[in-house]
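Visitor: Below is the file structure_5.cif, with mmCIF, C-alpha atoms.
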data_model
loop_
_atom_site.group_PDB
_atom_site.id
_atom_site.type_symbol
_atom_site.label_atom_id
_atom_site.label_comp_id
_atom_site.auth_asym_id
_atom_site.auth_seq_id
_atom_site.Cartn_x
_atom_site.Cartn_y
_atom_site.Cartn_z
ATOM 1 C CA MET A 1 0.000 0.000 0.000
ATOM 2 C CA ALA A 2 0.952 3.639 -0.277
ATOM 3 C CA VAL A 3 0.849 6.634 2.004
ATOM 4 C CA ILE A 4 -2.062 8.869 0.954
ATOM 5 C CA PRO A 5 -1.741 12.500 2.107
ATOM 6 C CA ASP A 6 -4.782 14.007 3.820
ATOM 7 C CA PHE A 7 -6.540 10.649 3.802
ATOM 8 C CA ASP A 8 -10.330 10.924 4.203
ATOM 9 C CA ILE A 9 -12.190 7.690 4.954
ATOM 10 C CA ALA A 10 -15.453 9.159 3.671
ATOM 11 C CA THR A 11 -14.103 9.767 0.145
ATOM 12 C CA ASP A 12 -11.007 7.556 -0.248
ATOM 13 C CA ILE A 13 -12.678 4.293 0.810
ATOM 14 C CA LYS A 14 -15.091 2.635 -1.620
ATOM 15 C CA VAL A 15 -17.378 -0.247 -0.666
ATOM 16 C CA GLU A 16 -18.559 -2.349 -3.606
ATOM 17 C CA MET A 17 -20.793 -5.391 -4.071
ATOM 18 C CA LEU A 18 -20.949 -7.796 -7.005
ATOM 19 C CA LEU A 19 -24.526 -7.088 -8.113
ATOM 20 C CA PRO A 20 -26.757 -7.069 -11.191
ATOM 21 C CA GLU A 21 -26.399 -3.795 -13.067
ATOM 22 C CA GLY A 22 -29.944 -2.850 -12.148
ATOM 23 C CA ALA A 23 -33.093 -4.103 -10.478
ATOM 24 C CA ARG A 24 -36.748 -3.746 -11.345
ATOM 25 C CA ASN A 25 -38.719 -1.025 -9.567
ATOM 26 C CA VAL A 26 -36.720 -0.798 -6.329
ATOM 27 C CA PHE A 27 -38.330 1.595 -3.852
ATOM 28 C CA VAL A 28 -35.990 3.677 -1.657
ATOM 29 C CA LEU A 29 -37.376 4.672 1.731
ATOM 30 C CA GLY A 30 -37.365 8.453 2.154
ATOM 31 C CA ILE A 31 -36.591 9.115 -1.519
ATOM 32 C CA SER A 32 -39.104 7.315 -3.733
ATOM 33 C CA THR A 33 -42.781 8.252 -3.959
ATOM 34 C CA LEU A 34 -45.688 5.907 -4.624
ATOM 35 C CA GLY A 35 -46.225 5.684 -8.358
ATOM 36 C CA GLY A 36 -43.139 7.814 -9.031
ATOM 37 C CA THR A 37 -40.076 7.155 -11.133
ATOM 38 C CA ASN A 38 -37.392 8.011 -8.562
ATOM 39 C CA VAL A 39 -36.321 4.405 -7.892
ATOM 40 C CA LEU A 40 -32.916 2.713 -8.075
ATOM 41 C CA GLY A 41 -33.390 1.544 -11.655
ATOM 42 C CA ASP A 42 -34.782 -0.974 -14.080
ATOM 43 C CA ASP A 43 -32.071 -2.937 -15.905
ATOM 44 C CA PRO A 44 -33.239 -6.419 -16.936
ATOM 45 C CA SER A 45 -29.888 -7.310 -18.568
ATOM 46 C CA GLY A 46 -28.810 -9.593 -15.721
ATOM 47 C CA ASN A 47 -25.136 -8.591 -15.946
ATOM 48 C CA VAL A 48 -23.281 -8.890 -12.640
ATOM 49 C CA VAL A 49 -20.664 -6.203 -12.056
ATOM 50 C CA TRP A 50 -18.874 -4.501 -9.168
ATOM 51 C CA GLN A 51 -21.084 -1.620 -8.053
ATOM 52 C CA ASP A 52 -20.045 1.199 -5.753
ATOM 53 C CA LEU A 53 -22.649 1.542 -2.992
ATOM 54 C CA LYS A 54 -21.960 5.302 -3.044
ATOM 55 C CA CYS A 55 -22.234 5.523 0.702
ATOM 56 C CA GLU A 56 -20.182 7.642 3.062
ATOM 57 C CA VAL A 57 -17.937 5.252 4.975
ATOM 58 C CA ASN A 58 -17.681 5.931 8.706
ATOM 59 C CA ARG A 59 -15.624 2.996 9.951
ATOM 60 C CA VAL A 60 -13.985 -0.175 8.593
ATOM 61 C CA GLN A 61 -12.646 -2.947 10.844
ATOM 62 C CA THR A 62 -10.957 -5.885 9.113
ATOM 63 C CA SER A 63 -8.961 -8.950 10.094
ATOM 64 C CA ILE A 64 -6.952 -11.377 7.979
ATOM 65 C CA GLY A 65 -5.490 -14.638 9.268
ATOM 66 C CA GLY A 66 -5.955 -16.168 12.687
ATOM 67 C CA SER A 67 -4.217 -16.536 16.035
ATOM 68 C CA ILE A 68 -1.331 -18.330 17.729
ATOM 69 C CA ALA A 69 -2.470 -21.600 19.307
ATOM 70 C CA SER A 70 -0.726 -22.909 22.446
ATOM 71 C CA ASN A 71 1.731 -20.032 21.989
ATOM 72 C CA VAL A 72 3.502 -22.236 19.418
ATOM 73 C CA PHE A 73 1.798 -22.622 16.018
ATOM 74 C CA PHE A 74 -0.494 -20.516 13.853
ATOM 75 C CA GLN A 75 -4.174 -21.441 13.866
ATOM 76 C CA ALA A 76 -5.760 -20.121 10.676
ATOM 77 C CA ASP A 77 -9.201 -18.551 10.700
ATOM 78 C CA SER A 78 -11.471 -16.650 8.361
ATOM 79 C CA GLY A 79 -10.873 -12.946 7.883
ATOM 80 C CA LYS A 80 -13.699 -10.711 9.050
ATOM 81 C CA ALA A 81 -14.899 -7.242 8.123
ATOM 82 C CA THR A 82 -17.337 -4.871 9.802
ATOM 83 C CA ILE A 83 -18.198 -1.831 7.691
ATOM 84 C CA GLN A 84 -20.262 1.123 8.890
ATOM 85 C CA MET A 85 -21.720 3.492 6.300
ATOM 86 C CA GLN A 86 -24.391 6.140 5.925
ATOM 87 C CA SER A 87 -26.416 7.356 2.960
ATOM 88 C CA TRP A 88 -29.452 9.485 2.161
ATOM 89 C CA GLU A 89 -30.373 7.326 -0.835
ATOM 90 C CA PHE A 90 -29.050 3.770 -0.467
ATOM 91 C CA ASP A 91 -31.319 1.315 1.363
ATOM 92 C CA PRO A 92 -30.182 -2.331 1.019
ATOM 93 C CA ASN A 93 -33.476 -3.634 2.415
ATOM 94 C CA ASN A 94 -35.141 -2.488 -0.791
ATOM 95 C CA TYR A 95 -32.598 -4.000 -3.149
ATOM 96 C CA PRO A 96 -33.579 -7.666 -3.647
ATOM 97 C CA ALA A 97 -30.196 -8.623 -5.146
ATOM 98 C CA ILE A 98 -28.423 -7.874 -1.840
ATOM 99 C CA ARG A 99 -28.413 -11.054 0.226
ATOM 100 C CA PRO A 100 -26.016 -13.128 2.337
ATOM 101 C CA GLY A 101 -23.357 -14.823 0.236
ATOM 102 C CA ILE A 102 -22.798 -12.128 -2.396
ATOM 103 C CA GLU A 103 -19.265 -10.812 -2.825
ATOM 104 C CA ILE A 104 -18.201 -7.546 -1.234
ATOM 105 C CA ARG A 105 -14.900 -5.686 -1.298
ATOM 106 C CA VAL A 106 -13.347 -2.560 0.223
ATOM 107 C CA ARG A 107 -11.016 -0.447 -1.935
ATOM 108 C CA VAL A 108 -8.733 2.487 -1.261
ATOM 109 C CA VAL A 109 -9.016 4.787 -4.299
ATOM 110 C CA ARG A 110 -7.269 8.116 -4.842
ATOM 111 C CA ASP A 111 -6.601 9.319 -8.405
ATOM 112 C CA ALA A 112 -4.600 6.528 -10.119
ATOM 113 C CA TYR A 113 -4.028 4.605 -6.887
ATOM 114 C CA ASP A 114 -6.331 1.601 -6.407
ATOM 115 C CA PHE A 115 -5.817 -1.092 -3.745
ATOM 116 C CA VAL A 116 -8.233 -3.743 -2.421
ATOM 117 C CA ILE A 117 -7.833 -4.013 1.348
ATOM 118 C CA TRP A 118 -10.574 -6.611 1.916
ATOM 119 C CA HIS A 119 -12.617 -9.028 -0.192
ATOM 120 C CA GLY A 120 -15.130 -11.638 0.909
ATOM 121 C CA THR A 121 -18.823 -12.552 1.087
ATOM 122 C CA LEU A 122 -21.685 -10.845 2.872
ATOM 123 C CA ASP A 123 -22.886 -12.365 6.165
ATOM 124 C CA ASP A 124 -25.498 -9.827 7.227
ATOM 125 C CA ILE A 125 -26.476 -6.219 6.718
ATOM 126 C CA ASN A 126 -28.398 -4.028 9.161
ATOM 127 C CA VAL A 127 -30.027 -0.651 8.571
ATOM 128 C CA THR A 128 -31.150 1.905 11.152
ATOM 129 C CA TYR A 129 -33.668 4.551 10.105
ATOM 130 C CA ALA A 130 -34.220 7.860 11.903
ATOM 131 C CA PRO A 131 -36.251 10.961 10.989
ATOM 132 C CA ASP A 132 -34.276 13.582 9.055
ATOM 133 C CA GLN A 133 -31.066 11.520 9.226
ATOM 134 C CA GLN A 134 -29.151 9.380 6.778
ATOM 135 C CA ASN A 135 -29.677 5.613 6.723
ATOM 136 C CA GLN A 136 -27.113 4.036 9.059
ATOM 137 C CA ILE A 137 -25.844 0.808 7.434
ATOM 138 C CA THR A 138 -23.681 -1.859 9.110
ATOM 139 C CA VAL A 139 -22.237 -4.735 7.072
ATOM 140 C CA ASN A 140 -20.568 -7.898 8.402
ATOM 141 C CA ALA A 141 -18.667 -10.137 5.997
ATOM 142 C CA THR A 142 -16.261 -13.099 5.907
ATOM 143 C CA ASP A 143 -13.398 -13.771 3.495
ATOM 144 C CA PHE A 144 -13.049 -16.834 1.249
ATOM 145 C CA TRP A 145 -11.035 -18.887 3.766
ATOM 146 C CA ALA A 146 -14.361 -20.108 5.212
ATOM 147 C CA LEU A 147 -15.286 -21.612 1.827
ATOM 148 C CA LEU A 148 -11.805 -22.961 1.108
ATOM 149 C CA VAL A 149 -11.320 -24.893 4.361
ATOM 150 C CA ASN A 150 -14.593 -26.793 3.865
ATOM 151 C CA ARG A 151 -13.711 -27.968 0.352
ATOM 152 C CA ARG A 152 -13.628 -31.797 0.363
ATOM 153 C CA PHE A 153 -11.227 -33.834 -1.805
ATOM 154 C CA ASP A 154 -8.885 -36.828 -1.835
ATOM 155 C CA TYR A 155 -5.427 -35.679 -0.776
ATOM 156 C CA VAL A 156 -2.621 -37.713 -2.385
ATOM 157 C CA PRO A 157 0.761 -36.031 -1.820
ATOM 158 C CA SER A 158 3.744 -36.962 -3.994
ATOM 159 C CA GLY A 159 5.665 -38.740 -1.248
ATOM 160 C CA VAL A 160 7.579 -37.176 1.633
ATOM 161 C CA ILE A 161 7.330 -33.404 1.191
ATOM 162 C CA LYS A 162 7.844 -30.112 2.998
ATOM 163 C CA PRO A 163 4.814 -28.201 4.373
ATOM 164 C CA SER A 164 4.997 -25.473 1.705
ATOM 165 C CA TYR A 165 4.885 -28.142 -1.028
ATOM 166 C CA ALA A 166 2.039 -29.931 0.755
ATOM 167 C CA ILE A 167 -0.077 -26.763 0.753
ATOM 168 C CA GLY A 168 0.609 -26.317 -2.973
ATOM 169 C CA GLU A 169 -0.392 -29.897 -3.813
ATOM 170 C CA ALA A 170 -3.557 -29.578 -1.732
ATOM 171 C CA ILE A 171 -4.470 -26.360 -3.591
ATOM 172 C CA THR A 172 -3.989 -28.194 -6.902
ATOM 173 C CA ASP A 173 -6.397 -30.898 -5.692
ATOM 174 C CA VAL A 174 -8.903 -28.277 -4.512
ATOM 175 C CA ASN A 175 -8.794 -26.477 -7.869
ATOM 176 C CA ALA A 176 -9.597 -29.786 -9.560
ATOM 177 C CA THR A 177 -12.913 -29.825 -7.646
ATOM 178 C CA GLY A 178 -13.948 -26.494 -9.193
ATOM 179 C CA PHE A 179 -12.872 -24.092 -6.434
ATOM 180 C CA SER A 180 -10.366 -21.800 -8.121
ATOM 181 C CA ILE A 181 -7.653 -20.104 -6.070
ATOM 182 C CA GLY A 182 -4.003 -19.396 -6.825
ATOM 183 C CA TYR A 183 -1.079 -20.232 -4.531
ATOM 184 C CA ALA A 184 1.874 -18.008 -3.664
ATOM 185 C CA GLY A 185 3.992 -20.285 -1.512
ATOM 186 C CA VAL A 186 7.655 -19.881 -0.586
ATOM 187 C CA THR A 187 9.894 -22.895 -0.038
ATOM 188 C CA ILE A 188 13.156 -22.656 1.904
ATOM 189 C CA LEU A 189 16.021 -25.115 2.242
ATOM 190 C CA ASP A 190 15.756 -25.754 5.969
ATOM 191 C CA GLU A 191 12.077 -26.736 6.110
ATOM 192 C CA TRP A 192 11.585 -30.096 7.798
ATOM 193 C CA PHE A 193 9.581 -32.901 6.177
ATOM 194 C CA MET A 194 6.081 -34.307 6.554
ATOM 195 C CA SER A 195 5.249 -37.997 6.231
ATOM 196 C CA GLY A 196 3.388 -37.600 2.918
ATOM 197 C CA THR A 197 0.360 -39.584 4.130
ATOM 198 C CA SER A 198 -2.661 -39.710 1.795
ATOM 199 C CA GLN A 199 -6.098 -38.831 3.151
ATOM 200 C CA ALA A 200 -9.380 -39.791 1.499
ATOM 201 C CA ASN A 201 -12.412 -37.489 1.681
ATOM 202 C CA THR A 202 -10.544 -34.942 3.736
ATOM 203 C CA THR A 203 -10.919 -31.160 3.729
ATOM 204 C CA PHE A 204 -8.450 -28.457 2.894
ATOM 205 C CA GLY A 205 -8.803 -27.210 6.454
ATOM 206 C CA ALA A 206 -7.561 -30.545 7.826
ATOM 207 C CA VAL A 207 -4.567 -30.629 5.458
ATOM 208 C CA ALA A 208 -3.707 -26.999 6.195
ATOM 209 C CA ALA A 209 -3.867 -27.657 9.941
ATOM 210 C CA ASP A 210 -1.334 -30.490 9.570
ATOM 211 C CA CYS A 211 0.953 -28.239 7.521
ATOM 212 C CA LEU A 212 0.739 -25.375 10.012
ATOM 213 C CA ASN A 213 1.329 -27.618 13.036
ATOM 214 C CA THR A 214 4.298 -29.254 11.320
ATOM 215 C CA GLY A 215 5.893 -26.319 9.520
ATOM 216 C CA LEU A 216 5.050 -23.668 12.138
ATOM 217 C CA GLY A 217 4.274 -21.320 9.259
ATOM 218 C CA PHE A 218 1.665 -18.671 8.553
ATOM 219 C CA ILE A 219 -1.151 -18.771 5.965
ATOM 220 C CA TRP A 220 -3.654 -16.213 4.691
ATOM 221 C CA ILE A 221 -5.598 -15.059 1.613
ATOM 222 C CA ASN A 222 -4.374 -11.744 0.206
ATOM 223 C CA PRO A 223 -7.478 -9.681 -0.670
ATOM 224 C CA ASN A 224 -5.691 -7.542 -3.261
ATOM 225 C CA ASP A 225 -4.446 -10.331 -5.564
ATOM 226 C CA GLU A 226 -6.813 -13.075 -4.250
ATOM 227 C CA LEU A 227 -3.941 -15.577 -3.827
ATOM 228 C CA LEU A 228 -3.350 -17.957 -0.936
ATOM 229 C CA TYR A 229 -0.042 -17.189 0.776
ATOM 230 C CA TYR A 230 1.997 -19.535 2.961
ATOM 231 C CA ARG A 231 5.211 -18.485 4.663
ATOM 232 C CA PRO A 232 7.407 -21.020 6.508
ATOM 233 C CA ARG A 233 8.676 -20.267 9.982
ATOM 234 C CA SER A 234 12.294 -20.000 8.867
ATOM 235 C CA ALA A 235 13.189 -17.208 6.468
ATOM 236 C CA SER A 236 16.370 -15.642 5.142
ATOM 237 C CA GLY A 237 17.400 -12.141 6.122
ATOM 238 C CA VAL A 238 17.090 -10.144 9.316
ATOM 239 C CA ALA A 239 13.993 -8.022 9.898
ATOM 240 C CA VAL A 240 14.666 -4.393 10.805
ATOM 241 C CA TYR A 241 11.888 -2.528 12.585
ATOM 242 C CA THR A 242 11.623 1.212 13.215
ATOM 243 C CA ILE A 243 9.224 2.931 15.592
ATOM 244 C CA GLY A 244 8.131 6.456 14.721
ATOM 245 C CA ASN A 245 6.171 8.528 12.227
ATOM 246 C CA ASN A 246 8.053 7.691 9.029
ATOM 247 C CA HIS A 247 5.347 5.477 7.565
ATOM 248 C CA GLY A 248 7.291 4.885 4.339
ATOM 249 C CA ASP A 249 10.102 2.899 5.991
ATOM 250 C CA PRO A 250 10.081 -0.899 5.462
ATOM 251 C CA GLY A 251 9.325 -2.603 8.764
ATOM 252 C CA HIS A 252 7.835 0.596 10.189
ATOM 253 C CA LEU A 253 5.814 0.345 13.409
ATOM 254 C CA CYS A 254 3.583 3.294 14.302
ATOM 255 C CA MET A 255 4.120 4.815 17.719
ATOM 256 C CA ALA A 256 1.552 3.679 20.276
ATOM 257 C CA ASP A 257 1.219 2.811 23.944
ATOM 258 C CA LEU A 258 3.561 0.054 25.106
ATOM 259 C CA ASP A 259 2.343 -2.751 27.373
ATOM 260 C CA SER A 260 4.589 -5.317 29.014
ATOM 261 C CA ALA A 261 3.432 -8.559 30.616
ATOM 262 C CA MET A 262 4.823 -11.850 31.916
ATOM 263 C CA GLN A 263 2.612 -14.940 31.834
ATOM 264 C CA SER A 264 3.951 -18.263 33.052
ATOM 265 C CA GLU A 265 1.199 -20.223 31.278
ATOM 266 C CA HIS A 266 2.872 -19.307 27.975
ATOM 267 C CA ILE A 267 6.040 -21.181 28.944
ATOM 268 C CA PHE A 268 6.611 -24.802 27.897
ATOM 269 C CA ASN A 269 9.856 -26.396 29.027
ATOM 270 C CA THR A 270 9.041 -30.098 28.732
ATOM 271 C CA VAL A 271 7.490 -31.018 25.383
ATOM 272 C CA LEU A 272 6.522 -34.447 24.059
ATOM 273 C CA VAL A 273 6.345 -34.626 20.249
ATOM 274 C CA THR A 274 4.558 -37.662 18.776
ATOM 275 C CA GLN A 275 4.436 -38.584 15.095
ATOM 276 C CA LYS A 276 0.855 -38.277 13.820
ATOM 277 C CA TYR A 277 0.867 -40.868 11.023
ATOM 278 C CA GLY A 278 2.636 -44.220 10.866
ATOM 279 C CA GLY A 279 2.207 -47.817 12.027
ATOM 280 C CA SER A 280 4.585 -47.354 14.962
ATOM 281 C CA PRO A 281 4.703 -43.597 15.558
ATOM 282 C CA PHE A 282 7.759 -42.284 17.382
ATOM 283 C CA SER A 283 7.674 -40.012 20.432
ATOM 284 C CA VAL A 284 10.500 -37.677 21.457
ATOM 285 C CA LEU A 285 10.712 -35.768 24.742
ATOM 286 C CA TYR A 286 12.426 -32.372 24.772
ATOM 287 C CA GLU A 287 13.248 -30.580 28.026
ATOM 288 C CA ASP A 288 14.941 -27.314 28.973
ATOM 289 C CA SER A 289 16.549 -27.871 32.358
ATOM 290 C CA ASP A 290 17.416 -24.210 32.906
ATOM 291 C CA SER A 291 13.817 -23.165 32.327
ATOM 292 C CA ILE A 292 12.582 -25.959 34.617
ATOM 293 C CA ASP A 293 14.880 -24.704 37.385
ATOM 294 C CA LEU A 294 13.441 -21.202 37.001
ATOM 295 C CA PHE A 295 9.730 -21.881 36.488
ATOM 296 C CA GLY A 296 9.181 -25.519 37.401
ATOM 297 C CA GLN A 297 7.988 -28.144 34.942
ATOM 298 C CA ARG A 298 5.417 -26.832 32.460
ATOM 299 C CA SER A 299 4.435 -29.596 30.068
ATOM 300 C CA GLU A 300 2.713 -29.799 26.691
ATOM 301 C CA ASN A 301 2.167 -32.635 24.193
ATOM 302 C CA PHE A 302 2.034 -32.170 20.419
ATOM 303 C CA THR A 303 1.007 -34.755 17.806
ATOM 304 C CA VAL A 304 2.562 -33.632 14.518
ATOM 305 C CA ASP A 305 2.778 -34.956 10.943
ATOM 306 C CA LEU A 306 6.578 -35.358 10.837
ATOM 307 C CA ASP A 307 8.518 -37.796 8.688
ATOM 308 C CA THR A 308 11.324 -38.780 11.075
ATOM 309 C CA SER A 309 12.586 -37.982 14.573
ATOM 310 C CA GLY A 310 15.304 -35.912 12.877
ATOM 311 C CA ASP A 311 12.580 -33.614 11.531
ATOM 312 C CA ALA A 312 11.253 -33.333 15.082
ATOM 313 C CA ASP A 313 14.738 -32.361 16.305
ATOM 314 C CA GLN A 314 14.923 -29.656 13.651
#
Show me, as structure tokens, the structure contained in the file I just sent.
Guide:
Amino acid sequence: MAVIPDFDIATDIKVEMLLPEGARNVFVLGISTLGGTNVLGDDPSGNVVWQDLKCEVNRVQTSIGGSIASNVFFQADSGKATIQMQSWEFDPNNYPAIRPGIEIRVRVVRDAYDFVIWHGTLDDINVTYAPDQQNQITVNATDFWALLVNRRFDYVPSGVIKPSYAIGEAITDVNATGFSIGYAGVTILDEWFMSGTSQANTTFGAVAADCLNTGLGFIWINPNDELLYYRPRSASGVAVYTIGNNHGDPGHLCMADLDSAMQSEHIFNTVLVTQKYGGSPFSVLYEDSDSIDLFGQRSENFTVDLDTSGDADQ
């Protein structure tokens, strides 16, 4: 993204829905009159296009990704968006084409700059009416991860593979079922290996969970290019972060309040790793004696799709 001077959320943010170009005789509360012609439109063509809702945007809250489970691995989840708008003319309750499941996106637009910051499907839309005030519209939506993780297929990996390859092969299998999504994975030399176990009638969510638990990576759908991204835990280079007001610096962190906390429940110093697939799965115990001396034993067990105990060591 870019830095936009004098950014104004009301004019620089556009909310669009994938809708028919018109609808027959749509009455707008507070605007239309009985028997009048001042309605949204009458286009029987049936073409579906991105349409700007032409509302003034008050607030946009979005999330992409998930959370860290057990303070160890990434647990993927659907991205969410809550969009608050207001308009004198737009009333979604009187537009029959607006319903749960249609696509919605949020764009930042200023002159030649155009960037999609969120893209997904509509969950619900609520409208508040008040005398002599604009319609207050609140939209809740979910990104395409929710549809992807439920896609069922037969997963047949090409032997022992790394997590980033496993995600790519699973995406290829998902695309073969008719759900189209591209993959932008990155493979590194020091990724450890998975067992390459086939799974019949599984879901992409189950395969992705194995890959995330094994590879300790991060996965998300980029709303701007609509590709699935996976990044392994290990990566080349050293990140450099700066804290301040220079928003153009790579690795910039905006100044904000700092909070510091210590929580002993986030410490694991005796960990049992068990192989998930295999006739005689191995188990390896790892302990940090120095940490145990400081905090006492704090144990956790993980069942992971690893190929060998050497991959567990890595």
Visitor: List the residues selected by the PyMOL selection byres ((chain A and resi 168) around 12) in the file shown, writing them as a PyMOL selection string.
Guide: chain A and resi 155-158+161-167+169-175+181-187+204+207-208+211+219+227-231
Visitor: May I have the residues within 10 Å of Arg107 in chain A as a PyMOL selection string, using all atoms listed in the file and disregarding those fewer than 4 positions away in the same chain?
Guide: chain A and resi 12-16+52+113-119+223-224
Visitor: How about saving the chosen residues, C-alpha atoms kept, as a CSV table (one decimal), keeping the file's coordinate frame?
Guide:
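For reference, part_24.csv as written:
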chain,number,residue,atom,x,y,z
A,12,ASP,CA,-11.0,7.6,-0.2
A,13,ILE,CA,-12.7,4.3,0.8
A,14,LYS,CA,-15.1,2.6,-1.6
A,15,VAL,CA,-17.4,-0.2,-0.7
A,16,GLU,CA,-18.6,-2.3,-3.6
A,52,ASP,CA,-20.0,1.2,-5.8
A,113,TYR,CA,-4.0,4.6,-6.9
A,114,ASP,CA,-6.3,1.6,-6.4
A,115,PHE,CA,-5.8,-1.1,-3.7
A,116,VAL,CA,-8.2,-3.7,-2.4
A,117,ILE,CA,-7.8,-4.0,1.3
A,118,TRP,CA,-10.6,-6.6,1.9
A,119,HIS,CA,-12.6,-9.0,-0.2
A,223,PRO,CA,-7.5,-9.7,-0.7
A,224,ASN,CA,-5.7,-7.5,-3.3
Visitor: What does the distance from CA of Asp225 in chain A to CA of Ala176 in chain A come to in Å, to one decimal?
Guide: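 One can read the CA of Asp225 in chain A to CA of Ala176 in chain A distance as 20.5 Å.
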Visitor: Grab the CA of Asn126 in chain A to CA of Ala76 in chain A distance for me, in Å with one decimal place.
Guide: 27.8 Å
Visitor: So which one's closest to Gln84 in chain A, A:Leu189, A:Asp311, A:Thr128, A:Tyr286? Using only C-alpha atoms, please.
Guide: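 Nearest candidate to Gln84 in chain A out of A:Leu189, A:Asp311, A:Thr128, A:Tyr286: A:Thr128.
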Visitor: Quick one, how far is CA of Gly79 in chain A from CA of Gly65 in chain A?
Guide: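 So the two atoms, CA of Gly79 in chain A and CA of Gly65 in chain A, lie 5.8 Å apart.
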Visitor: Write out as AutoDock Vina command-line options an axis-aligned box for range 182-196 of chain A: all of its atoms listed in the file, 8 Å added on each side, centre and edge lengths in Å with one decimal.
Guide:
--center_x 6.0 --center_y -28.0 --center_z 0.5 --size_x 36.0 --size_y 36.0 --size_z 30.6
Visitor: Run the PyMOL selection byres ((chain A and resi 282) around 10) mentally over the shown coordinates, then write out the matched residues as an MDAnalysis selection string, using the chain letters and numbers from the document.
Guide: chainID A and resid 273:281 283:284 306:309 312
Visitor: My list of candidates is A:Cys254, A:Ala130, A:Val160, A:Val240. Which is closest to Gln86 in chain A when distances are computed with only C-alpha atoms?
Guide: A:Ala130
Visitor: Name every residue that the PyMOL selection byres ((chain A and resi 294-298) around 7) selects in this structure, writing the answer as a list in words with chains first and numbers rising.
Guide: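 Given this file, the PyMOL selection byres ((chain A and resi 294-298) around 7) evaluates to Ile267, Phe268, Asn269, Thr270, Asp290, Ser291, Ile292, Asp293 and Ser299 of chain A.
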Visitor: Which of these residues is nearest to Pro250 in chain A, using all atoms listed in the file: A:Tyr95, A:Asn71, A:Ala2, A:Leu122?
Guide: A:Ala2
